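Engineer: Take a look at run.cif, mmCIF, C-alpha atoms:
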```
data_structure
loop_
_atom_site.label_atom_id
_atom_site.label_comp_id
_atom_site.auth_asym_id
_atom_site.auth_seq_id
_atom_site.Cartn_x
_atom_site.Cartn_y
_atom_site.Cartn_z
CA MET A 103 8.23 -47.25 -49.84
CA SER A 104 4.73 -46.30 -51.02
CA ARG A 105 4.61 -49.45 -53.15
CA ILE A 106 5.44 -51.64 -50.14
CA PHE A 107 2.72 -49.88 -48.12
CA GLN A 108 0.21 -50.33 -50.94
CA ASP A 109 1.08 -54.05 -51.22
CA THR A 110 0.69 -54.44 -47.46
CA VAL A 111 -2.74 -52.78 -47.41
CA GLU A 112 -3.90 -54.87 -50.36
CA GLY A 113 -2.57 -58.02 -48.70
CA ILE A 114 -4.47 -57.23 -45.47
CA THR A 115 -7.68 -56.56 -47.42
CA MET A 116 -7.45 -59.86 -49.27
CA ALA A 117 -6.56 -61.70 -46.05
CA ARG A 118 -9.65 -60.28 -44.36
CA SER A 119 -11.83 -61.47 -47.23
CA ALA A 120 -10.30 -64.95 -47.03
CA LEU A 121 -10.98 -65.16 -43.28
CA ARG A 122 -14.59 -64.05 -43.76
CA ALA A 123 -15.08 -66.73 -46.39
CA ASN A 124 -14.32 -69.49 -43.82
CA PRO A 125 -15.62 -68.21 -40.45
CA LEU A 126 -16.05 -71.63 -38.80
CA ARG A 127 -12.58 -72.83 -39.78
CA SER A 128 -11.06 -69.53 -38.69
CA SER A 129 -12.83 -69.70 -35.30
CA LEU A 130 -11.70 -73.24 -34.58
CA THR A 131 -8.14 -72.37 -35.64
CA MET A 132 -8.08 -69.40 -33.24
CA LEU A 133 -9.23 -71.46 -30.25
CA GLY A 134 -5.72 -72.55 -29.17
CA ILE A 135 -4.41 -68.98 -29.31
CA ILE A 136 -7.43 -67.67 -27.37
CA ILE A 137 -6.93 -70.21 -24.57
CA GLY A 138 -3.19 -69.49 -24.42
CA ILE A 139 -3.64 -65.71 -24.27
CA VAL A 140 -6.38 -65.95 -21.61
CA THR A 141 -4.14 -68.16 -19.48
CA VAL A 142 -0.94 -66.15 -19.83
CA THR A 143 -2.61 -62.75 -19.22
CA LEU A 144 -4.66 -63.91 -16.22
CA MET A 145 -1.64 -65.60 -14.68
CA SER A 146 0.55 -62.53 -15.22
CA ALA A 147 -2.15 -60.20 -13.85
CA PHE A 148 -2.58 -62.35 -10.74
CA LEU A 149 1.19 -62.59 -10.10
CA THR A 150 1.51 -58.81 -10.60
CA GLY A 151 -1.23 -58.20 -8.02
CA LEU A 152 0.33 -60.71 -5.62
CA ASN A 153 3.77 -59.16 -6.05
CA ASP A 154 2.47 -55.61 -5.50
CA MET A 155 0.56 -56.70 -2.41
CA PHE A 156 3.56 -58.49 -0.90
CA HIS A 157 6.04 -55.67 -1.42
CA GLU A 158 3.52 -53.09 -0.18
CA THR A 159 2.87 -55.20 2.91
CA THR A 160 6.51 -55.81 3.83
CA SER A 161 7.28 -52.10 3.45
CA PHE A 162 5.87 -51.48 6.96
CA MET A 163 9.14 -52.93 8.31
CA GLY A 164 11.12 -50.36 6.33
CA THR A 165 13.58 -51.08 3.55
CA ASP A 166 16.33 -49.35 5.53
CA VAL A 167 15.82 -51.14 8.87
CA TYR A 168 17.83 -54.13 10.13
CA PHE A 169 16.79 -56.29 13.06
CA ILE A 170 19.36 -57.94 15.33
CA ASP A 171 17.86 -61.08 16.81
CA LYS A 172 18.94 -64.37 18.31
CA PHE A 173 17.29 -66.18 15.41
CA SER A 174 17.46 -65.68 11.64
CA TRP A 175 14.07 -65.17 10.02
CA MET A 176 14.90 -67.31 7.01
CA GLY A 177 15.64 -70.40 9.09
CA GLY A 178 18.85 -72.37 9.46
CA ASP A 179 20.03 -74.96 11.97
CA TRP A 180 17.51 -74.60 14.82
CA MET A 181 19.70 -76.18 17.51
CA THR A 182 22.64 -73.94 16.60
CA GLN A 183 20.46 -70.84 16.81
CA MET A 184 18.91 -71.97 20.11
CA ASN A 185 22.39 -72.10 21.63
CA ARG A 186 23.31 -68.62 20.49
CA PRO A 187 23.88 -65.93 23.17
CA LYS A 188 20.90 -63.72 23.95
CA VAL A 189 20.63 -60.25 22.47
CA THR A 190 20.79 -57.90 25.47
CA ALA A 191 20.05 -54.29 26.36
CA ASP A 192 23.83 -53.79 26.74
CA ASP A 193 24.27 -54.83 23.08
CA ALA A 194 21.81 -52.09 22.12
CA TYR A 195 23.57 -49.55 24.37
CA GLN A 196 26.95 -50.37 22.85
CA LEU A 197 25.56 -50.11 19.31
CA GLN A 198 24.07 -46.70 20.12
CA ARG A 199 27.54 -45.56 21.25
CA ARG A 200 29.47 -47.05 18.33
CA MET A 201 27.28 -46.92 15.20
CA THR A 202 28.02 -43.99 12.87
CA THR A 203 25.64 -44.85 9.99
CA ALA A 204 22.49 -45.43 12.10
CA LYS A 205 19.70 -42.87 12.29
CA ALA A 206 17.87 -44.59 15.16
CA ILE A 207 18.20 -47.72 17.29
CA GLY A 208 15.28 -49.24 19.16
CA VAL A 209 14.89 -52.22 21.50
CA SER A 210 11.86 -54.48 21.93
CA ALA A 211 10.82 -57.72 23.65
CA ARG A 212 7.82 -59.92 22.86
CA GLU A 213 5.13 -61.61 24.92
CA ASP A 214 2.06 -63.53 23.74
CA LEU A 215 -1.09 -61.98 25.20
CA ASN A 216 -4.81 -62.52 25.58
CA VAL A 217 -6.41 -59.08 25.80
CA LYS A 218 -9.80 -58.21 27.32
CA TYR A 219 -12.00 -55.13 27.53
CA LYS A 220 -15.26 -55.67 29.36
CA LEU A 221 -16.88 -58.65 27.59
CA ALA A 222 -14.72 -58.44 24.46
CA GLU A 223 -11.61 -60.63 24.24
CA VAL A 224 -8.85 -61.04 21.65
CA GLU A 225 -6.53 -64.03 21.81
CA ASP A 226 -3.01 -64.49 20.40
CA VAL A 227 -2.11 -60.82 20.48
CA SER A 228 1.56 -59.92 20.07
CA GLY A 229 2.70 -57.91 23.07
CA GLU A 230 5.82 -55.79 22.66
CA GLY A 231 7.79 -53.92 25.26
CA VAL A 232 9.59 -51.01 23.60
CA ASP A 233 12.07 -48.26 24.42
CA ALA A 234 12.36 -44.62 23.38
CA GLY A 235 14.11 -45.41 20.08
CA TYR A 236 11.46 -47.87 18.91
CA GLU A 237 9.16 -45.25 17.32
CA ALA A 238 11.86 -43.76 15.06
CA ALA A 239 13.62 -47.05 14.28
CA ASN A 240 10.41 -48.86 13.30
CA SER A 241 8.62 -45.83 11.77
CA VAL A 242 5.59 -46.31 14.02
CA GLU A 243 2.63 -44.18 12.91
CA ILE A 244 -0.06 -43.28 15.42
CA ALA A 245 -3.64 -42.96 14.14
CA GLN A 246 -5.16 -41.85 17.46
CA GLY A 247 -3.58 -40.62 20.66
CA ARG A 248 0.20 -40.48 21.04
CA PHE A 249 3.42 -42.44 21.54
CA PHE A 250 4.91 -43.00 24.99
CA ALA A 251 6.35 -40.01 26.83
CA THR A 252 9.93 -40.26 28.12
CA GLN A 253 8.70 -40.32 31.73
CA GLU A 254 6.28 -43.17 30.98
CA LEU A 255 9.10 -45.25 29.52
CA ALA A 256 11.52 -44.47 32.35
CA SER A 257 9.04 -45.15 35.17
CA ALA A 258 7.43 -48.22 33.58
CA ARG A 259 3.92 -46.77 33.58
CA PRO A 260 1.09 -49.28 32.82
CA VAL A 261 0.14 -47.65 29.51
CA CYS A 262 -0.16 -49.11 26.03
CA ILE A 263 -0.70 -48.48 22.32
CA ILE A 264 -2.93 -50.99 20.56
CA GLY A 265 -2.92 -52.14 16.94
CA TYR A 266 -5.73 -51.36 14.51
CA ASP A 267 -7.33 -54.83 14.56
CA THR A 268 -7.07 -55.05 18.34
CA TRP A 269 -8.83 -51.69 18.61
CA ASP A 270 -11.54 -52.82 16.19
CA LYS A 271 -12.19 -56.11 18.03
CA LEU A 272 -12.13 -54.67 21.54
CA PHE A 273 -13.70 -51.26 21.04
CA HIS A 274 -15.51 -51.68 17.69
CA LYS A 275 -13.75 -48.54 16.48
CA SER A 276 -15.08 -46.35 19.30
CA ASP A 277 -12.77 -43.97 21.20
CA PRO A 278 -10.35 -46.11 23.29
CA ILE A 279 -8.14 -43.35 24.72
CA GLY A 280 -8.03 -43.44 28.51
CA LYS A 281 -9.80 -46.79 28.74
CA GLN A 282 -8.24 -49.74 30.56
CA ILE A 283 -7.68 -53.20 29.13
CA LYS A 284 -6.46 -56.46 30.67
CA ALA A 285 -3.45 -58.11 29.00
CA ASN A 286 -2.90 -61.56 30.55
CA GLY A 287 -4.57 -60.13 33.64
CA TYR A 288 -2.34 -57.03 33.81
CA THR A 289 -4.18 -53.68 33.61
CA LEU A 290 -2.99 -51.23 30.95
CA GLU A 291 -4.34 -47.81 30.03
CA VAL A 292 -4.75 -47.18 26.29
CA ILE A 293 -3.00 -43.96 25.18
CA GLY A 294 -2.90 -44.58 21.42
CA VAL A 295 -3.93 -46.62 18.38
CA ALA A 296 -1.36 -47.51 15.71
CA LYS A 297 -2.12 -46.81 12.07
CA GLN A 298 -3.43 -49.82 10.10
CA VAL A 299 -0.78 -51.80 8.23
CA GLY A 300 -3.02 -54.35 6.47
CA GLY A 301 -1.84 -56.76 3.81
CA MET A 302 -0.27 -60.18 4.29
CA PHE A 303 1.33 -59.24 7.63
CA GLY A 304 -1.72 -57.39 8.93
CA ASP A 305 -2.62 -60.22 11.32
CA PHE A 306 0.67 -59.61 13.12
CA ALA A 307 1.26 -55.88 12.69
CA ASP A 308 -2.34 -54.82 13.40
CA ASN A 309 -2.97 -57.32 16.19
CA ARG A 310 -0.52 -56.15 18.84
CA VAL A 311 -0.15 -54.21 22.06
CA LEU A 312 2.88 -51.95 22.66
CA MET A 313 3.97 -51.00 26.18
CA PRO A 314 7.13 -49.64 27.82
CA LEU A 315 9.88 -52.26 27.91
CA GLN A 316 10.23 -52.19 31.70
CA THR A 317 6.45 -52.44 32.05
CA LEU A 318 6.53 -55.71 30.11
CA PHE A 319 9.31 -57.04 32.40
CA ASN A 320 7.43 -55.96 35.55
CA ALA A 321 4.18 -57.52 34.36
CA TYR A 322 5.43 -60.79 32.87
CA GLY A 323 8.95 -61.34 34.25
CA GLN A 324 11.99 -62.71 32.40
CA PRO A 325 13.99 -59.45 32.26
CA ASP A 326 16.92 -61.52 30.98
CA ARG A 327 15.05 -62.68 27.86
CA SER A 328 16.59 -62.17 24.41
CA LEU A 329 15.68 -58.83 22.84
CA THR A 330 15.31 -57.53 19.30
CA ILE A 331 17.32 -54.48 18.24
CA ALA A 332 16.03 -52.43 15.29
CA VAL A 333 18.66 -50.30 13.51
CA LYS A 334 17.50 -47.72 10.97
CA ALA A 335 20.01 -46.47 8.41
CA LYS A 336 20.72 -42.74 8.09
CA ASN A 337 20.44 -42.94 4.30
CA VAL A 338 18.38 -45.56 2.47
CA MET A 339 20.81 -45.36 -0.47
CA GLU A 340 23.66 -46.39 1.84
CA LYS A 341 21.78 -49.03 3.84
CA GLU A 342 24.30 -51.73 2.87
CA ASP A 343 27.00 -49.68 4.60
CA THR A 344 24.81 -49.66 7.71
CA ARG A 345 24.39 -53.41 7.51
CA ALA A 346 28.14 -53.95 7.11
CA GLU A 347 28.93 -51.69 10.07
CA LEU A 348 26.22 -53.35 12.17
CA GLU A 349 27.62 -56.81 11.48
CA TYR A 350 31.15 -55.63 12.25
CA GLN A 351 30.15 -54.00 15.56
CA MET A 352 28.16 -57.06 16.68
CA ARG A 353 31.10 -59.35 15.90
CA VAL A 354 33.36 -57.06 17.94
CA LEU A 355 30.89 -57.08 20.86
CA ARG A 356 30.66 -60.87 20.68
CA LYS A 357 34.49 -61.16 20.42
CA LEU A 358 34.22 -63.36 17.32
CA LYS A 359 37.35 -64.34 15.40
CA PRO A 360 37.55 -63.80 11.61
CA GLN A 361 36.88 -67.49 10.93
CA ASP A 362 33.91 -67.67 13.36
CA ARG A 363 30.37 -67.61 11.98
CA ASN A 364 27.92 -64.99 13.24
CA ASN A 365 26.15 -66.07 16.42
CA PHE A 366 23.32 -63.60 15.85
CA GLY A 367 20.80 -62.91 13.10
CA ILE A 368 20.68 -59.76 10.96
CA ASN A 369 17.20 -59.68 9.47
CA SER A 370 15.50 -57.29 7.07
CA GLU A 371 12.61 -56.81 4.68
CA ASP A 372 14.93 -57.70 1.78
CA GLN A 373 15.07 -61.31 2.97
CA PHE A 374 11.29 -61.65 2.60
CA ASN A 375 11.35 -59.93 -0.78
CA GLN A 376 14.17 -62.11 -2.14
CA THR A 377 12.45 -65.31 -1.01
CA PHE A 378 9.11 -64.19 -2.43
CA ASP A 379 10.68 -63.08 -5.72
CA ALA A 380 12.36 -66.47 -6.07
CA LEU A 381 9.01 -68.20 -5.42
CA THR A 382 7.11 -66.07 -7.95
CA SER A 383 9.88 -66.64 -10.51
CA VAL A 384 9.34 -70.39 -10.19
CA LEU A 385 5.56 -69.97 -10.45
CA LYS A 386 5.99 -67.71 -13.46
CA SER A 387 8.35 -70.18 -15.17
CA VAL A 388 5.93 -73.08 -14.63
CA GLY A 389 2.97 -71.00 -15.78
CA LEU A 390 4.77 -69.72 -18.87
CA THR A 391 5.83 -73.25 -19.76
CA ILE A 392 2.23 -74.48 -19.60
CA THR A 393 0.80 -71.50 -21.49
CA GLY A 394 3.72 -71.67 -23.94
CA LEU A 395 2.68 -75.22 -24.85
CA SER A 396 -0.88 -74.01 -25.43
CA LEU A 397 0.35 -71.18 -27.66
CA LEU A 398 2.67 -73.60 -29.49
CA VAL A 399 -0.27 -75.90 -30.25
CA GLY A 400 -2.26 -72.87 -31.38
CA GLY A 401 0.62 -71.72 -33.58
CA ILE A 402 0.91 -75.19 -35.17
CA GLY A 403 -2.82 -75.05 -35.85
CA ILE A 404 -2.41 -71.69 -37.57
CA MET A 405 0.50 -72.98 -39.66
CA ASN A 406 -1.47 -76.08 -40.63
CA ILE A 407 -4.51 -74.12 -41.73
CA MET A 408 -2.28 -71.74 -43.70
CA PHE A 409 -0.74 -74.67 -45.59
CA VAL A 410 -4.28 -75.87 -46.34
CA GLY A 411 -5.17 -72.36 -47.52
CA VAL A 412 -2.16 -72.23 -49.83
CA LYS A 413 -3.10 -75.65 -51.27
CA GLU A 414 -6.72 -74.66 -51.82
CA ARG A 415 -5.79 -71.37 -53.53
CA THR A 416 -2.93 -72.65 -55.67
CA ARG A 417 -4.81 -71.87 -58.88
CA GLU A 418 -5.77 -68.41 -57.57
CA ILE A 419 -2.10 -67.72 -56.80
CA GLY A 420 -1.17 -68.83 -60.35
CA ILE A 421 -3.74 -66.45 -61.88
CA ARG A 422 -2.56 -63.54 -59.75
CA LYS A 423 1.07 -64.16 -60.66
CA ALA A 424 0.14 -64.51 -64.35
CA ILE A 425 -1.42 -61.06 -64.35
CA GLY A 426 1.57 -59.46 -62.66
CA ALA A 427 1.37 -60.01 -58.89
CA ARG A 428 4.81 -59.88 -57.31
CA ARG A 429 6.15 -62.50 -54.88
CA ARG A 430 6.18 -59.82 -52.20
CA MET A 431 2.46 -59.24 -52.63
CA ILE A 432 1.64 -62.96 -52.35
CA LEU A 433 3.91 -63.21 -49.31
CA MET A 434 2.21 -60.24 -47.62
CA GLN A 435 -1.27 -61.63 -48.33
CA PHE A 436 -0.70 -64.94 -46.56
CA LEU A 437 1.47 -63.44 -43.83
CA SER A 438 -1.23 -60.85 -43.15
CA GLU A 439 -3.85 -63.60 -43.02
CA ALA A 440 -1.90 -65.52 -40.35
CA ALA A 441 -1.15 -62.33 -38.39
CA MET A 442 -4.82 -61.23 -38.51
CA LEU A 443 -5.98 -64.65 -37.32
CA CYS A 444 -3.69 -64.46 -34.30
CA LEU A 445 -4.40 -60.79 -33.56
CA VAL A 446 -8.16 -61.40 -33.59
CA ALA A 447 -7.64 -64.47 -31.39
CA GLY A 448 -5.38 -62.49 -29.04
CA SER A 449 -7.91 -59.64 -28.82
CA ILE A 450 -10.71 -62.07 -27.97
CA GLY A 451 -8.46 -63.74 -25.37
CA ILE A 452 -7.61 -60.39 -23.76
CA ILE A 453 -11.29 -59.36 -23.62
CA ILE A 454 -12.18 -62.68 -21.96
CA ALA A 455 -9.25 -62.40 -19.51
CA TYR A 456 -10.10 -58.78 -18.63
CA SER A 457 -13.77 -59.63 -18.07
CA ALA A 458 -12.76 -62.59 -15.90
CA SER A 459 -10.40 -60.40 -13.84
CA MET A 460 -13.14 -57.80 -13.26
CA TYR A 461 -15.57 -60.52 -12.18
CA ILE A 462 -13.03 -62.12 -9.81
CA ASN A 463 -12.11 -58.76 -8.26
CA SER A 464 -15.73 -57.72 -7.70
CA LYS A 465 -17.47 -61.02 -6.95
CA VAL A 466 -14.90 -63.54 -5.74
CA LEU A 467 -12.44 -61.30 -3.88
CA SER A 468 -13.83 -59.02 -1.17
CA ALA A 469 -13.29 -55.27 -1.24
CA ASP A 470 -10.80 -55.48 1.64
CA SER A 471 -8.95 -58.47 0.17
CA THR A 472 -5.17 -58.15 0.28
CA VAL A 473 -4.79 -59.57 -3.26
CA HIS A 474 -6.37 -58.24 -6.44
CA ILE A 475 -5.80 -59.06 -10.09
CA HIS A 476 -3.99 -56.10 -11.71
CA PHE A 477 -4.79 -55.94 -15.43
CA THR A 478 -2.56 -53.24 -16.94
CA ILE A 479 -2.18 -51.58 -20.34
CA GLY A 480 1.29 -53.12 -20.55
CA LEU A 481 -0.23 -56.57 -20.14
CA ILE A 482 -2.72 -55.91 -22.96
CA LEU A 483 0.05 -54.71 -25.29
CA THR A 484 2.19 -57.71 -24.36
CA GLY A 485 -0.70 -60.08 -25.15
CA LEU A 486 -1.24 -58.47 -28.55
CA ALA A 487 2.51 -58.53 -29.28
CA ILE A 488 2.68 -62.25 -28.44
CA SER A 489 -0.31 -62.91 -30.71
CA LEU A 490 1.26 -60.99 -33.59
CA ALA A 491 4.60 -62.77 -33.11
CA ILE A 492 2.89 -66.18 -33.20
CA GLY A 493 1.00 -65.17 -36.34
CA VAL A 494 4.16 -64.06 -38.14
CA ALA A 495 6.12 -67.12 -37.00
CA SER A 496 3.31 -69.51 -37.97
CA GLY A 497 2.59 -67.87 -41.32
CA ILE A 498 6.05 -67.16 -42.65
CA ILE A 499 6.74 -70.66 -44.06
CA PRO A 500 3.33 -71.14 -45.76
CA ALA A 501 3.49 -67.55 -47.09
CA TRP A 502 7.03 -68.10 -48.40
CA ARG A 503 5.97 -71.32 -50.10
CA ALA A 504 2.95 -69.57 -51.68
CA SER A 505 5.13 -66.74 -53.00
CA LYS A 506 7.55 -69.21 -54.64
CA LEU A 507 4.89 -71.16 -56.56
CA ASP A 508 5.55 -71.37 -60.30
CA PRO A 509 2.62 -69.62 -62.04
CA VAL A 510 2.50 -72.18 -64.90
CA GLU A 511 2.38 -75.14 -62.49
CA ALA A 512 -0.10 -73.31 -60.27
CA LEU A 513 -2.48 -72.69 -63.17
CA ARG A 514 -2.45 -76.43 -64.01
CA TYR A 515 -3.44 -77.33 -60.46
CA GLU A 516 -6.97 -78.73 -60.10
#
```
Could the structure of this file be written out as structure tokens, please?

Structural biologist:
Amino acid sequence: MSRIFQDTVEGITMARSALRANPLRSSLTMLGIIIGIVTVTLMSAFLTGLNDMFHETTSFMGTDVYFIDKFSWMGGDWMTQMNRPKVTADDAYQLQRRMTTAKAIGVSAREDLNVKYKLAEVEDVSGEGVDAGYEAANSVEIAQGRFFATQELASARPVCIIGYDTWDKLFHKSDPIGKQIKANGYTLEVIGVAKQVGGMFGDFADNRVLMPLQTLFNAYGQPDRSLTIAVKAKNVMEKEDTRAELEYQMRVLRKLKPQDRNNFGINSEDQFNQTFDALTSVLKSVGLTITGLSLLVGGIGIMNIMFVGVKERTREIGIRKAIGARRRMILMQFLSEAAMLCLVAGSIGIIIAYSASMYINSKVLSADSTVHIHFTIGLILTGLAISLAIGVASGIIPAWRASKLDPVEALRYE
């Protein structure tokens, strides 16, 4: 074992000397590997940041919450969904009576609003009328003020809770509690500000106005509009049981036969995550294919230069074998040379990629940007491992050929 270690160390030392003897050739040979490593690490870091941002953003909906709606979020036949029955308050009432795996059930209805406070105005605000179960079912967090009291919900008081961005645009982050705003001309008193959600869905989640459900009907009409029912599972580990029971109960309420398709949508955060994961998998596959070609070209360059090195040092190999060098030692020398070339190239590529990611995060992306490039230790180790693997794969054939040279024939080589 000590002999193998000694041969390895000696092989690395000789490989380092050989690389130093031809710095220009070594640098040009490493170029393909450097470009490949920079590309693959930057792409992976960006996709990691994008993935983290997306999953963090969608978490505001809750991984254990299902939304019954007339429409399915992930599309489908639009005309079929338009002709579906409306989701009603009676559906929600019946679910509250029948569901055994639900922790909370909340009802909401939407209205597009233009909101004003004095001279400030915010357009395209999502107005939501909500009931008593909405806070628990949707895990609403209040940053200032409070949620609606039971009496306010029952008597349809003209009160509201505004989203973070709406508060910022209307009140410039000053105290809004007790102030009155106009939502499509209807006066509402602000009693709370929701906690900021941010991220990809921040434009929707932070730009909204919540009010009692009956208040929304009184102000804007259409009490027979289709509602959204949010159902929160008792146990996140058993959320699939909640989904199955929810689907069963809705089919019973709609009097659907076993062969009938659902005439309602059951939506959840998982649908967004699955679609996004599928998209990033495609992007990752395309990116890896492109960078793989770059690394392949770099690896061929390494192999080519190693064959040239073996040819140039044929006589040297013959002398070393004549004075007792083993095949293993010759093999380790050339294998180490190829591995060192690729490791140095990989290290340079990682340094360039890391520097580029720091520059992009600080100069190109703003501090409050939803996406940042996440350069992790795991990514660095992966880059170095890929470099080493390419070096070994590219150097094994030239090193094997060098170790098999006949010393007599090698000494005759000019």

Engineer: So, with all atoms listed in the file as the atoms that count, which of A:Ala332, A:Ala147, A:Pro314, A:Gln282 lies closest to Gln253 of chain A?

Structural biologist: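 Answer, going by the shortest atom-to-atom distance: A:Pro314.
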
Engineer: Please evaluate the PyMOL selection byres ((chain A and resi 170) around 8) against the structure above and give the resulting residues as a list in words.

Structural biologist: Tyr168, Phe169, Asp171, Lys172, Val189, Thr330, Ile331, Ala332, Val333, Phe366, Gly367, Ile368 and Asn369 of chain A

Engineer: Between atom CA of Glu291 of chain A and atom CA of Ile279 of chain A, what is the distance, to one decimal in Å?

Structural biologist: 7.9 Å

Engineer: When distances are computed from only C-alpha atoms, which of A:Asn216, A:Asn365, A:Thr252, A:Gln351 shows the smallest separation from Gly178 of chain A?

Structural biologist: A:Asn365

Engineer: Atom CA of Val232 of chain A and atom CA of Asn309 of chain A, how far apart in Å?

Structural biologist: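 Taking atom CA of Asn309 of chain A as the start and atom CA of Val232 of chain A as the end point, the length is 15.9 Å.
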
Engineer: Could you check how far atom CA of Met145 of chain A sits from atom CA of Asn406 of chain A, in Å to one decimal?

Structural biologist: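 About the pair atom CA of Met145 of chain A and atom CA of Asn406 of chain A: they are 28.0 Å apart.
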
Engineer: Which residue out of A:Glu213, A:Glu349, A:Asp226, A:Asp179 has the minimum interatomic distance to Ala321 of chain A when only C-alpha atoms are used?

Structural biologist: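 Closest residue, counting only C-alpha atoms: A:Glu213.
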
Engineer: Looking at A:Ile137, A:Met434, A:Leu318, A:Ala256, which one is nearest to Asn286 of chain A, with distances taken over only C-alpha atoms?

Structural biologist: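 Once distances to Asn286 of chain A are computed over only C-alpha atoms, the minimum belongs to A:Leu318.
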
Engineer: Let me know the residues the PyMOL selection byres ((chain A and resi 229) around 10) catches in the file above, as number ranges by chain.

Structural biologist: A: 210-217, 226-228, 230-232, 262, 264, 285, 309-313, 318

Engineer: Write a file of the just-selected residues containing C-alpha atoms, as an mmCIF file, in the frame of the given file.

Structural biologist:
```cif
data_model
loop_
_atom_site.group_PDB
_atom_site.id
_atom_site.type_symbol
_atom_site.label_atom_id
_atom_site.label_comp_id
_atom_site.auth_asym_id
_atom_site.auth_seq_id
_atom_site.Cartn_x
_atom_site.Cartn_y
_atom_site.Cartn_z
ATOM 1 C CA SER A 210 11.860 -54.480 21.930
ATOM 2 C CA ALA A 211 10.820 -57.720 23.650
ATOM 3 C CA ARG A 212 7.820 -59.920 22.860
ATOM 4 C CA GLU A 213 5.130 -61.610 24.920
ATOM 5 C CA ASP A 214 2.060 -63.530 23.740
ATOM 6 C CA LEU A 215 -1.090 -61.980 25.200
ATOM 7 C CA ASN A 216 -4.810 -62.520 25.580
ATOM 8 C CA VAL A 217 -6.410 -59.080 25.800
ATOM 9 C CA ASP A 226 -3.010 -64.490 20.400
ATOM 10 C CA VAL A 227 -2.110 -60.820 20.480
ATOM 11 C CA SER A 228 1.560 -59.920 20.070
ATOM 12 C CA GLU A 230 5.820 -55.790 22.660
ATOM 13 C CA GLY A 231 7.790 -53.920 25.260
ATOM 14 C CA VAL A 232 9.590 -51.010 23.600
ATOM 15 C CA CYS A 262 -0.160 -49.110 26.030
ATOM 16 C CA ILE A 264 -2.930 -50.990 20.560
ATOM 17 C CA ALA A 285 -3.450 -58.110 29.000
ATOM 18 C CA ASN A 309 -2.970 -57.320 16.190
ATOM 19 C CA ARG A 310 -0.520 -56.150 18.840
ATOM 20 C CA VAL A 311 -0.150 -54.210 22.060
ATOM 21 C CA LEU A 312 2.880 -51.950 22.660
ATOM 22 C CA MET A 313 3.970 -51.000 26.180
ATOM 23 C CA LEU A 318 6.530 -55.710 30.110
#
```

Engineer: Give me, as a PyMOL selection string, all polymer residues having an atom no more than 10 Å from segment 377-391 of chain A, counting all atoms listed in the file and skipping those fewer than 5 positions away in the same chain.

Structural biologist: chain A and resi 138+141-142+145-146+149-150+152-153+156-157+176+372+396-397

Engineer: For a quick check of understanding, using only C-alpha atoms, which of A:Leu445, A:Ser370, A:Asp508, A:Gly497 has the smallest distance to Val410 of chain A?

Structural biologist: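 Smallest separation from Val410 of chain A among the options: A:Gly497.
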
Engineer: Could you check the closest approach to Ile482 of chain A for each of A:Lys205, A:Lys359, A:Pro125, A:Ala455 and tell me which residue wins, using all atoms listed in the file?

Structural biologist: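 Residue with the minimum atom-to-atom distance to Ile482 of chain A: A:Ala455.
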
Engineer: The PyMOL selection byres ((chain A and resi 451) around 9) - which residues does that actually catch in the file I just gave you? List them as a list in words.

Structural biologist: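 Taken on the displayed file, the PyMOL selection byres ((chain A and resi 451) around 9) yields the residues Ile135, Ile136, Ile137, Gly138, Ile139, Val140, Thr141, Thr143, Val446, Ala447, Gly448, Ser449, Ile450, Ile452, Ile453, Ile454, Ala455, Tyr456 and Gly485 of chain A.
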
Engineer: If we count all atoms listed in the file and set the cut-off at 8 Å, which residues sit around Met184 of chain A, ignoring sequence neighbours fewer than 3 positions away in its own chain? Please answer as a list in words.

Structural biologist: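 Using all atoms listed in the file, the neighbours found are Lys172, Phe173, Trp180 and Met181 of chain A.
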
Engineer: Excluding Ile404 of chain A and its own-chain neighbours fewer than 3 positions away, which residues fall within 7 Å of it when counting only C-alpha atoms? Please give them as a ChimeraX atom specification.

Structural biologist: /A:131,400-401,407-408,440,496

Engineer: Determine, counting all atoms listed in the file, every residue of protein, DNA or RNA that lies within 12 Å of (17.9, -46.8, 1.4) in the file coordinates, then give the result as a PyMOL selection string.

Structural biologist: chain A and resi 164-168+203-205+334-345+371-372

Engineer: Any idea what's packed within 12 Å of Gly247 of chain A, counting all atoms listed in the file, ignoring anything in its chain fewer than 4 positions away? Could you give it as an NGL selection string?

Structural biologist: :A and (243 or 251 or 261-264 or 277-281 or 291-297)

Engineer: Print the selection's residues with C-alpha atoms to a file, as an mmCIF file, keeping the file's coordinate frame.

Structural biologist:
```cif
data_model
loop_
_atom_site.group_PDB
_atom_site.id
_atom_site.type_symbol
_atom_site.label_atom_id
_atom_site.label_comp_id
_atom_site.auth_asym_id
_atom_site.auth_seq_id
_atom_site.Cartn_x
_atom_site.Cartn_y
_atom_site.Cartn_z
ATOM 1 C CA GLU A 243 2.630 -44.180 12.910
ATOM 2 C CA ALA A 251 6.350 -40.010 26.830
ATOM 3 C CA VAL A 261 0.140 -47.650 29.510
ATOM 4 C CA CYS A 262 -0.160 -49.110 26.030
ATOM 5 C CA ILE A 263 -0.700 -48.480 22.320
ATOM 6 C CA ILE A 264 -2.930 -50.990 20.560
ATOM 7 C CA ASP A 277 -12.770 -43.970 21.200
ATOM 8 C CA PRO A 278 -10.350 -46.110 23.290
ATOM 9 C CA ILE A 279 -8.140 -43.350 24.720
ATOM 10 C CA GLY A 280 -8.030 -43.440 28.510
ATOM 11 C CA LYS A 281 -9.800 -46.790 28.740
ATOM 12 C CA GLU A 291 -4.340 -47.810 30.030
ATOM 13 C CA VAL A 292 -4.750 -47.180 26.290
ATOM 14 C CA ILE A 293 -3.000 -43.960 25.180
ATOM 15 C CA GLY A 294 -2.900 -44.580 21.420
ATOM 16 C CA VAL A 295 -3.930 -46.620 18.380
ATOM 17 C CA ALA A 296 -1.360 -47.510 15.710
ATOM 18 C CA LYS A 297 -2.120 -46.810 12.070
#
```
